[in-house]
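Right, one structure below, let's go through it.
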Amino acid sequence: MLRRQRVTVYIRAKIRRPALLYRLKNATRIVCLGDSITAGGYGTPLVTPWPKALATKLGSSFSVINKGIGGNTTAQMLARVSSDVINIVPRYCIVIGGMNDVWIGSPSLSGIESNLSAIYATICNAGITLVTATITPPNCVPEGTRERGQEAVDLNAWIVEYSEEHNVENVDFYSLLNDPHKPTYINPALAQPGLDMHPNTAGHAIMAEAAFEKLRGISSIH
């Protein structure tokens with residue numbers, strides 16, 4: 001009986017070990033969860049994605065983990081939130097998602113909001129400080145009876161409203177990259193030519209600065 005108890009304790013210790021190791025790291029961990037806008041790596045030359053630029057600004061006391069996957073929808077992000085966020089045990093998580101849902105036209109706006117709500121709640125319930133982010137301009141024009149550009153605007157309004165209602169910090173990437181002369185399109189100076197809505201290195205640098213300032217406002221970051 002005693003031997004069985006030892007085995008049980010050993011197994012449980014092995015299960016907990018990864019999370020324990022993350023907690024023992026000296027660097028403050030920040031996860032950036034998203035799609036290709038977060039992943040970067042597009043264009044020639046390749047851009048420096050905003051999480052990498054953010055890591056440079058923060059310095060060695062912080063570890064920024066880029067969990068952006070190109071083409072991901074909010075449903076796919078929700079499916080991996082436990083493995084790619086919770087199991088890493090970060091102090092902060094910045095979430096930007098919904099662009100691909102808008103582009104493919106599925107699910108409905110309420111479906112996107114439901115997925116994001118579940119992602120946000122999972123992160124907050126794990127004791128991780130959540131920072132929401134609006135999606136960047138989708139470079140969309142009216143298509144039939146449905147205007148994807150307007151859906152992006154409506155989704156961002158919901159993200160901001162959710163953040164205010166739940167007392168969560170929000171980074172408004174959309175406003176920073178939006179072309180003032182052509183709403184719902186990314187500013188040409190901040191876009192990768194021929195790559196639709198993807199920001200160039202200058203665009204990513206602006207996103208990194210905004211994320212840095214937001215984190216600095218809610219922590220001891222200097």
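We label chains A, B, ... in the order they appear in the structure tokens, count residues from 1 in each chain, and number ligands from 1 in the order shown.
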Spatial neighbours of range 84-98 of chain A, 9 Å, only C-alpha atoms, chain gap at least 2 places, as a short mmCIF file (atom, residue, chain, number, x, y, z; two decimals) with C-alpha atoms, in the first residue's frame:
```
data_model
loop_
_atom_site.label_atom_id
_atom_site.label_comp_id
_atom_site.auth_asym_id
_atom_site.auth_seq_id
_atom_site.Cartn_x
_atom_site.Cartn_y
_atom_site.Cartn_z
CA PRO A 18 6.08 21.66 -16.65
CA ALA A 19 3.90 24.32 -15.02
CA LEU A 20 6.22 24.41 -12.02
CA TYR A 22 7.50 27.83 -16.02
CA ARG A 23 6.83 29.47 -12.66
CA THR A 28 8.02 37.50 -16.78
CA ARG A 29 6.17 35.59 -19.48
CA ILE A 30 3.90 37.30 -22.02
CA VAL A 31 1.97 35.25 -24.59
CA CYS A 32 0.74 36.85 -27.82
CA LEU A 33 -2.15 34.76 -29.18
CA GLY A 34 -3.33 35.39 -32.71
CA ASP A 35 -3.16 34.66 -36.44
CA ILE A 37 -0.90 39.39 -38.04
CA THR A 38 0.83 38.17 -34.88
CA LYS A 67 1.64 32.08 -30.49
CA ASN A 72 -6.17 30.77 -37.70
CA THR A 73 -9.82 31.53 -37.01
CA THR A 74 -11.16 32.31 -33.55
CA MET A 77 -7.49 29.86 -31.41
CA ARG A 80 -5.48 25.78 -28.56
CA VAL A 81 -5.85 28.36 -25.80
CA SER A 82 -5.12 25.76 -23.10
CA ASN A 100 -9.78 35.34 -40.82
CA ASP A 101 -13.35 34.79 -39.66
CA VAL A 102 -14.30 38.09 -41.27
CA TRP A 103 -12.47 37.22 -44.47
CA ILE A 112 -16.90 35.32 -33.58
CA GLU A 113 -17.88 37.18 -30.42
CA LEU A 116 -13.53 35.44 -28.35
CA ILE A 119 -10.97 32.68 -25.09
CA TYR A 120 -11.03 35.76 -22.87
CA THR A 122 -10.48 30.98 -20.13
CA ILE A 123 -7.47 33.25 -19.82
CA ALA A 126 -6.62 31.02 -15.08
CA GLY A 127 -5.47 34.14 -13.24
CA ILE A 128 -3.65 35.54 -16.28
CA THR A 129 -3.88 39.27 -16.99
CA LEU A 130 -5.72 39.61 -20.29
CA VAL A 131 -5.12 42.38 -22.81
CA THR A 132 -7.55 42.40 -25.73
CA ALA A 133 -6.74 43.92 -29.10
CA THR A 134 -8.83 45.14 -32.01
CA ILE A 135 -8.16 43.52 -35.38
CA THR A 136 -6.20 45.53 -37.92
CA ALA A 152 -14.56 44.30 -38.91
CA LEU A 155 -16.34 43.37 -34.28
CA ASN A 170 -7.48 46.95 -24.72
CA VAL A 171 -4.98 47.90 -27.42
CA ALA A 211 1.44 46.97 -26.63
CA LEU A 215 1.69 46.80 -20.46
#
```
**Message:** When you look at range 46-60 of chain A with a cut-off of 8 Å (counting only C-alpha atoms), what residues show up, excluding the ones that are within fewer than 3 positions of it in the same chain? I need them as a list in words.
**Reply:** Ala27, Cys32, Ile37, Thr38, Ala39, Gly40, Gly41, Tyr42, Gly43, Ser63, Val64, Ile65, Asn66, Asn200, Thr201, His204, Ala205, Ile206, Met207, Ala208, Glu209, Ala211, Phe212 and Ile221 of chain A
Restricted to C-alpha atoms, what would the selected residues look like written as a PDB file, in the first residue's frame?
```pdb
ATOM      1  CA  ALA A  27      11.599  36.231 -16.820  1.00  0.00           C
ATOM      2  CA  CYS A  32       0.738  36.845 -27.815  1.00  0.00           C
ATOM      3  CA  ILE A  37      -0.903  39.389 -38.035  1.00  0.00           C
ATOM      4  CA  THR A  38       0.834  38.167 -34.878  1.00  0.00           C
ATOM      5  CA  ALA A  39       2.946  35.439 -36.467  1.00  0.00           C
ATOM      6  CA  GLY A  40       4.510  37.791 -39.047  1.00  0.00           C
ATOM      7  CA  GLY A  41       7.004  36.181 -41.404  1.00  0.00           C
ATOM      8  CA  TYR A  42       5.407  37.403 -44.634  1.00  0.00           C
ATOM      9  CA  GLY A  43       6.856  39.407 -47.472  1.00  0.00           C
ATOM     10  CA  SER A  63       9.946  36.513 -22.227  1.00  0.00           C
ATOM     11  CA  VAL A  64       7.534  37.182 -25.094  1.00  0.00           C
ATOM     12  CA  ILE A  65       6.099  34.012 -26.638  1.00  0.00           C
ATOM     13  CA  ASN A  66       4.647  34.387 -30.125  1.00  0.00           C
ATOM     14  CA  ASN A 200       5.120  45.830 -42.794  1.00  0.00           C
ATOM     15  CA  THR A 201       7.905  46.157 -40.251  1.00  0.00           C
ATOM     16  CA  HIS A 204       4.474  46.003 -36.588  1.00  0.00           C
ATOM     17  CA  ALA A 205       6.747  48.467 -34.781  1.00  0.00           C
ATOM     18  CA  ILE A 206       3.753  50.720 -34.109  1.00  0.00           C
ATOM     19  CA  MET A 207       1.799  47.737 -32.772  1.00  0.00           C
ATOM     20  CA  ALA A 208       4.722  46.772 -30.528  1.00  0.00           C
ATOM     21  CA  GLU A 209       4.965  50.306 -29.142  1.00  0.00           C
ATOM     22  CA  ALA A 211       1.441  46.973 -26.629  1.00  0.00           C
ATOM     23  CA  PHE A 212       4.476  48.128 -24.660  1.00  0.00           C
ATOM     24  CA  ILE A 221       7.453  47.793 -16.660  1.00  0.00           C
TER      25      ILE A 221
END
```
**Item:** Distance of CA of Asn115 in chain A from CA of Glu213 in chain A, expressed in Å to one decimal place
**Value:**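 We find that CA of Glu213 in chain A and CA of Asn115 in chain A lie 26.9 Å from each other.
For the set A:Asn125, A:Ser117, A:Ser83, A:Gln192, the residue with the smallest atom-to-atom gap to Glu161 in chain A is A:Ser117, counting only C-alpha atoms.
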**Request:** Skip range 180-188 of chain A itself and residues of its chain fewer than 2 positions away, then list as a list in words all residues within 10 Å of it, counting only C-alpha atoms.
**Result:**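 Once the nearby chain positions are removed, what remains is Thr136, Pro137, Pro138, Asn139, Cys140, Val141, Arg148, Gly149, Gln150, Glu151, Ala152, Val153, Tyr174, Ser175, Leu176, Leu177, Asn178, Leu190, Ala191, Gln192, Pro193, Asp196, Met197, His198, Pro199, Asn200 and Gly203 of chain A.
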Okay, now the selection with N, CA and C atoms, as a PDB file, in the first residue's frame?
```
ATOM      1  N   THR A 136      -6.711  44.482 -37.040  1.00  0.00           N
ATOM      2  CA  THR A 136      -6.202  45.534 -37.916  1.00  0.00           C
ATOM      3  C   THR A 136      -7.122  45.690 -39.133  1.00  0.00           C
ATOM      4  N   PRO A 137      -7.006  46.793 -39.870  1.00  0.00           N
ATOM      5  CA  PRO A 137      -7.875  47.004 -41.034  1.00  0.00           C
ATOM      6  C   PRO A 137      -7.811  45.827 -42.006  1.00  0.00           C
ATOM      7  N   PRO A 138      -8.960  45.309 -42.442  1.00  0.00           N
ATOM      8  CA  PRO A 138      -8.992  44.098 -43.263  1.00  0.00           C
ATOM      9  C   PRO A 138      -8.830  44.308 -44.763  1.00  0.00           C
ATOM     10  N   ASN A 139      -8.702  45.565 -45.199  1.00  0.00           N
ATOM     11  CA  ASN A 139      -8.608  45.848 -46.647  1.00  0.00           C
ATOM     12  C   ASN A 139      -9.755  45.198 -47.412  1.00  0.00           C
ATOM     13  N   CYS A 140     -10.965  45.405 -46.929  1.00  0.00           N
ATOM     14  CA  CYS A 140     -12.139  44.783 -47.541  1.00  0.00           C
ATOM     15  C   CYS A 140     -13.030  45.807 -48.230  1.00  0.00           C
ATOM     16  N   VAL A 141     -13.619  45.397 -49.332  1.00  0.00           N
ATOM     17  CA  VAL A 141     -14.604  46.212 -50.036  1.00  0.00           C
ATOM     18  C   VAL A 141     -15.940  45.478 -49.984  1.00  0.00           C
ATOM     19  N   ARG A 148     -17.557  43.142 -45.595  1.00  0.00           N
ATOM     20  CA  ARG A 148     -16.640  42.620 -44.602  1.00  0.00           C
ATOM     21  C   ARG A 148     -15.943  43.738 -43.833  1.00  0.00           C
ATOM     22  N   GLY A 149     -15.696  44.839 -44.506  1.00  0.00           N
ATOM     23  CA  GLY A 149     -15.070  45.957 -43.811  1.00  0.00           C
ATOM     24  C   GLY A 149     -15.923  46.444 -42.658  1.00  0.00           C
ATOM     25  N   GLN A 150     -17.230  46.544 -42.870  1.00  0.00           N
ATOM     26  CA  GLN A 150     -18.123  46.981 -41.808  1.00  0.00           C
ATOM     27  C   GLN A 150     -18.187  45.956 -40.692  1.00  0.00           C
ATOM     28  N   GLU A 151     -18.110  44.670 -41.040  1.00  0.00           N
ATOM     29  CA  GLU A 151     -18.132  43.635 -39.997  1.00  0.00           C
ATOM     30  C   GLU A 151     -16.898  43.748 -39.103  1.00  0.00           C
ATOM     31  N   ALA A 152     -15.764  44.104 -39.709  1.00  0.00           N
ATOM     32  CA  ALA A 152     -14.558  44.303 -38.912  1.00  0.00           C
ATOM     33  C   ALA A 152     -14.747  45.467 -37.943  1.00  0.00           C
ATOM     34  N   VAL A 153     -15.353  46.537 -38.428  1.00  0.00           N
ATOM     35  CA  VAL A 153     -15.624  47.699 -37.570  1.00  0.00           C
ATOM     36  C   VAL A 153     -16.558  47.308 -36.427  1.00  0.00           C
ATOM     37  N   TYR A 174      -6.388  48.684 -34.622  1.00  0.00           N
ATOM     38  CA  TYR A 174      -7.104  49.139 -35.817  1.00  0.00           C
ATOM     39  C   TYR A 174      -6.896  50.630 -36.058  1.00  0.00           C
ATOM     40  N   SER A 175      -7.129  51.434 -35.040  1.00  0.00           N
ATOM     41  CA  SER A 175      -7.012  52.885 -35.198  1.00  0.00           C
ATOM     42  C   SER A 175      -5.592  53.308 -35.549  1.00  0.00           C
ATOM     43  N   LEU A 176      -4.612  52.576 -35.050  1.00  0.00           N
ATOM     44  CA  LEU A 176      -3.215  52.917 -35.299  1.00  0.00           C
ATOM     45  C   LEU A 176      -2.808  52.661 -36.747  1.00  0.00           C
ATOM     46  N   LEU A 177      -3.401  51.646 -37.374  1.00  0.00           N
ATOM     47  CA  LEU A 177      -3.001  51.267 -38.730  1.00  0.00           C
ATOM     48  C   LEU A 177      -3.991  51.696 -39.807  1.00  0.00           C
ATOM     49  N   ASN A 178      -5.157  52.147 -39.416  1.00  0.00           N
ATOM     50  CA  ASN A 178      -6.209  52.486 -40.373  1.00  0.00           C
ATOM     51  C   ASN A 178      -5.816  53.693 -41.240  1.00  0.00           C
ATOM     52  N   LEU A 190       2.154  51.578 -44.023  1.00  0.00           N
ATOM     53  CA  LEU A 190       2.345  50.568 -42.981  1.00  0.00           C
ATOM     54  C   LEU A 190       2.017  49.165 -43.465  1.00  0.00           C
ATOM     55  N   ALA A 191       1.769  49.020 -44.767  1.00  0.00           N
ATOM     56  CA  ALA A 191       1.338  47.732 -45.320  1.00  0.00           C
ATOM     57  C   ALA A 191       2.412  47.094 -46.186  1.00  0.00           C
ATOM     58  N   GLN A 192       2.369  45.768 -46.257  1.00  0.00           N
ATOM     59  CA  GLN A 192       3.238  45.040 -47.173  1.00  0.00           C
ATOM     60  C   GLN A 192       2.584  45.018 -48.559  1.00  0.00           C
ATOM     61  N   PRO A 193       3.220  45.545 -49.554  1.00  0.00           N
ATOM     62  CA  PRO A 193       2.628  45.589 -50.902  1.00  0.00           C
ATOM     63  C   PRO A 193       2.223  44.197 -51.398  1.00  0.00           C
ATOM     64  N   ASP A 196      -2.345  42.138 -49.003  1.00  0.00           N
ATOM     65  CA  ASP A 196      -3.622  42.489 -48.385  1.00  0.00           C
ATOM     66  C   ASP A 196      -3.439  43.298 -47.120  1.00  0.00           C
ATOM     67  N   MET A 197      -3.920  42.730 -45.984  1.00  0.00           N
ATOM     68  CA  MET A 197      -3.961  43.513 -44.750  1.00  0.00           C
ATOM     69  C   MET A 197      -2.713  43.370 -43.878  1.00  0.00           C
ATOM     70  N   HIS A 198      -1.685  42.686 -44.344  1.00  0.00           N
ATOM     71  CA  HIS A 198      -0.536  42.424 -43.478  1.00  0.00           C
ATOM     72  C   HIS A 198       0.361  43.658 -43.318  1.00  0.00           C
ATOM     73  N   PRO A 199       0.646  44.049 -42.074  1.00  0.00           N
ATOM     74  CA  PRO A 199       1.510  45.209 -41.839  1.00  0.00           C
ATOM     75  C   PRO A 199       2.954  44.908 -42.227  1.00  0.00           C
ATOM     76  N   ASN A 200       3.686  45.964 -42.585  1.00  0.00           N
ATOM     77  CA  ASN A 200       5.120  45.830 -42.794  1.00  0.00           C
ATOM     78  C   ASN A 200       5.833  46.015 -41.464  1.00  0.00           C
ATOM     79  N   GLY A 203       4.667  48.981 -39.551  1.00  0.00           N
ATOM     80  CA  GLY A 203       3.362  48.755 -38.934  1.00  0.00           C
ATOM     81  C   GLY A 203       3.467  47.908 -37.685  1.00  0.00           C
TER      82      GLY A 203
END
```
**Request:** Using DSSP on the backbone, list every residue of range 19-143 of chain A that comes out as alpha helix (DSSP H), and give them as a ChimeraX atom specification.
**Result:** /A:19-24,36-39,50-58,74-79,81-84,99-104,109-125
**Request:** Using DSSP on the backbone coordinates, identify the residues of range 51-201 of chain A assigned to strand (DSSP E or B); present them as a PyMOL selection string.
**Result:** chain A and resi 62-68+92-95+129-133+142-143+146-147+169-171+178+186+191+199
Could you take the residues named above and write them with N, CA and C atoms, as a PDB file, in the first residue's frame?
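selection05.pdb, written as the output of this step:
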```
ATOM      1  N   PHE A  62      11.851  39.969 -19.481  1.00  0.00           N
ATOM      2  CA  PHE A  62      10.568  39.483 -19.983  1.00  0.00           C
ATOM      3  C   PHE A  62      10.799  38.474 -21.109  1.00  0.00           C
ATOM      4  N   SER A  63       9.911  37.514 -21.170  1.00  0.00           N
ATOM      5  CA  SER A  63       9.946  36.513 -22.227  1.00  0.00           C
ATOM      6  C   SER A  63       8.638  36.597 -23.002  1.00  0.00           C
ATOM      7  N   VAL A  64       8.724  37.028 -24.268  1.00  0.00           N
ATOM      8  CA  VAL A  64       7.534  37.182 -25.094  1.00  0.00           C
ATOM      9  C   VAL A  64       7.414  35.962 -26.006  1.00  0.00           C
ATOM     10  N   ILE A  65       6.310  35.233 -25.871  1.00  0.00           N
ATOM     11  CA  ILE A  65       6.099  34.012 -26.638  1.00  0.00           C
ATOM     12  C   ILE A  65       5.076  34.276 -27.724  1.00  0.00           C
ATOM     13  N   ASN A  66       5.512  34.128 -28.971  1.00  0.00           N
ATOM     14  CA  ASN A  66       4.647  34.387 -30.125  1.00  0.00           C
ATOM     15  C   ASN A  66       3.846  33.135 -30.448  1.00  0.00           C
ATOM     16  N   LYS A  67       2.538  33.181 -30.184  1.00  0.00           N
ATOM     17  CA  LYS A  67       1.635  32.082 -30.491  1.00  0.00           C
ATOM     18  C   LYS A  67       0.654  32.485 -31.590  1.00  0.00           C
ATOM     19  N   GLY A  68       1.177  33.165 -32.588  1.00  0.00           N
ATOM     20  CA  GLY A  68       0.374  33.489 -33.761  1.00  0.00           C
ATOM     21  C   GLY A  68       0.538  32.398 -34.805  1.00  0.00           C
ATOM     22  N   TYR A  92       0.885  37.683 -18.493  1.00  0.00           N
ATOM     23  CA  TYR A  92       0.023  38.458 -19.378  1.00  0.00           C
ATOM     24  C   TYR A  92      -0.247  37.676 -20.669  1.00  0.00           C
ATOM     25  N   CYS A  93      -1.398  37.955 -21.280  1.00  0.00           N
ATOM     26  CA  CYS A  93      -1.695  37.400 -22.599  1.00  0.00           C
ATOM     27  C   CYS A  93      -2.407  38.464 -23.421  1.00  0.00           C
ATOM     28  N   ILE A  94      -1.843  38.765 -24.599  1.00  0.00           N
ATOM     29  CA  ILE A  94      -2.451  39.710 -25.528  1.00  0.00           C
ATOM     30  C   ILE A  94      -3.125  38.903 -26.627  1.00  0.00           C
ATOM     31  N   VAL A  95      -4.415  39.137 -26.841  1.00  0.00           N
ATOM     32  CA  VAL A  95      -5.190  38.349 -27.801  1.00  0.00           C
ATOM     33  C   VAL A  95      -5.695  39.242 -28.929  1.00  0.00           C
ATOM     34  N   THR A 129      -3.412  37.935 -16.630  1.00  0.00           N
ATOM     35  CA  THR A 129      -3.882  39.269 -16.988  1.00  0.00           C
ATOM     36  C   THR A 129      -4.105  39.343 -18.495  1.00  0.00           C
ATOM     37  N   LEU A 130      -5.351  39.565 -18.881  1.00  0.00           N
ATOM     38  CA  LEU A 130      -5.723  39.613 -20.292  1.00  0.00           C
ATOM     39  C   LEU A 130      -5.621  41.034 -20.842  1.00  0.00           C
ATOM     40  N   VAL A 131      -5.090  41.136 -22.056  1.00  0.00           N
ATOM     41  CA  VAL A 131      -5.118  42.381 -22.812  1.00  0.00           C
ATOM     42  C   VAL A 131      -5.757  42.050 -24.157  1.00  0.00           C
ATOM     43  N   THR A 132      -6.901  42.633 -24.441  1.00  0.00           N
ATOM     44  CA  THR A 132      -7.554  42.402 -25.734  1.00  0.00           C
ATOM     45  C   THR A 132      -6.984  43.363 -26.764  1.00  0.00           C
ATOM     46  N   ALA A 133      -7.208  43.037 -28.033  1.00  0.00           N
ATOM     47  CA  ALA A 133      -6.739  43.923 -29.104  1.00  0.00           C
ATOM     48  C   ALA A 133      -7.741  43.909 -30.240  1.00  0.00           C
ATOM     49  N   PRO A 142     -17.067  46.178 -50.234  1.00  0.00           N
ATOM     50  CA  PRO A 142     -18.365  45.509 -50.237  1.00  0.00           C
ATOM     51  C   PRO A 142     -18.369  44.324 -51.200  1.00  0.00           C
ATOM     52  N   GLU A 143     -18.928  43.241 -50.744  1.00  0.00           N
ATOM     53  CA  GLU A 143     -19.001  42.029 -51.574  1.00  0.00           C
ATOM     54  C   GLU A 143     -20.432  41.520 -51.546  1.00  0.00           C
ATOM     55  N   ARG A 146     -23.013  41.804 -48.419  1.00  0.00           N
ATOM     56  CA  ARG A 146     -22.293  41.746 -47.150  1.00  0.00           C
ATOM     57  C   ARG A 146     -21.004  42.541 -47.255  1.00  0.00           C
ATOM     58  N   GLU A 147     -20.773  43.411 -46.309  1.00  0.00           N
ATOM     59  CA  GLU A 147     -19.577  44.232 -46.331  1.00  0.00           C
ATOM     60  C   GLU A 147     -18.655  43.780 -45.213  1.00  0.00           C
ATOM     61  N   GLU A 169      -7.941  45.623 -20.096  1.00  0.00           N
ATOM     62  CA  GLU A 169      -7.218  46.580 -20.940  1.00  0.00           C
ATOM     63  C   GLU A 169      -7.323  46.184 -22.413  1.00  0.00           C
ATOM     64  N   ASN A 170      -7.358  47.183 -23.284  1.00  0.00           N
ATOM     65  CA  ASN A 170      -7.478  46.951 -24.716  1.00  0.00           C
ATOM     66  C   ASN A 170      -6.458  47.783 -25.474  1.00  0.00           C
ATOM     67  N   VAL A 171      -5.872  47.182 -26.518  1.00  0.00           N
ATOM     68  CA  VAL A 171      -4.978  47.900 -27.416  1.00  0.00           C
ATOM     69  C   VAL A 171      -5.701  48.056 -28.753  1.00  0.00           C
ATOM     70  N   ASN A 178      -5.157  52.147 -39.416  1.00  0.00           N
ATOM     71  CA  ASN A 178      -6.209  52.486 -40.373  1.00  0.00           C
ATOM     72  C   ASN A 178      -5.816  53.693 -41.240  1.00  0.00           C
ATOM     73  N   ILE A 186      -5.691  49.347 -44.512  1.00  0.00           N
ATOM     74  CA  ILE A 186      -4.481  49.678 -43.788  1.00  0.00           C
ATOM     75  C   ILE A 186      -3.758  50.829 -44.486  1.00  0.00           C
ATOM     76  N   ALA A 191       1.769  49.020 -44.767  1.00  0.00           N
ATOM     77  CA  ALA A 191       1.338  47.732 -45.320  1.00  0.00           C
ATOM     78  C   ALA A 191       2.412  47.094 -46.186  1.00  0.00           C
ATOM     79  N   PRO A 199       0.646  44.049 -42.074  1.00  0.00           N
ATOM     80  CA  PRO A 199       1.510  45.209 -41.839  1.00  0.00           C
ATOM     81  C   PRO A 199       2.954  44.908 -42.227  1.00  0.00           C
TER      82      PRO A 199
END
```
**Request:** Work out how far apart CA of Leu78 in chain A and CA of Ser114 in chain A are and give it in Å to one decimal.
**Result:**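 Distance reported for this atom pair: 10.2 Å.
Straight-line separation from CA of Ala189 in chain A to CA of Ser163 in chain A: 29.2 Å.
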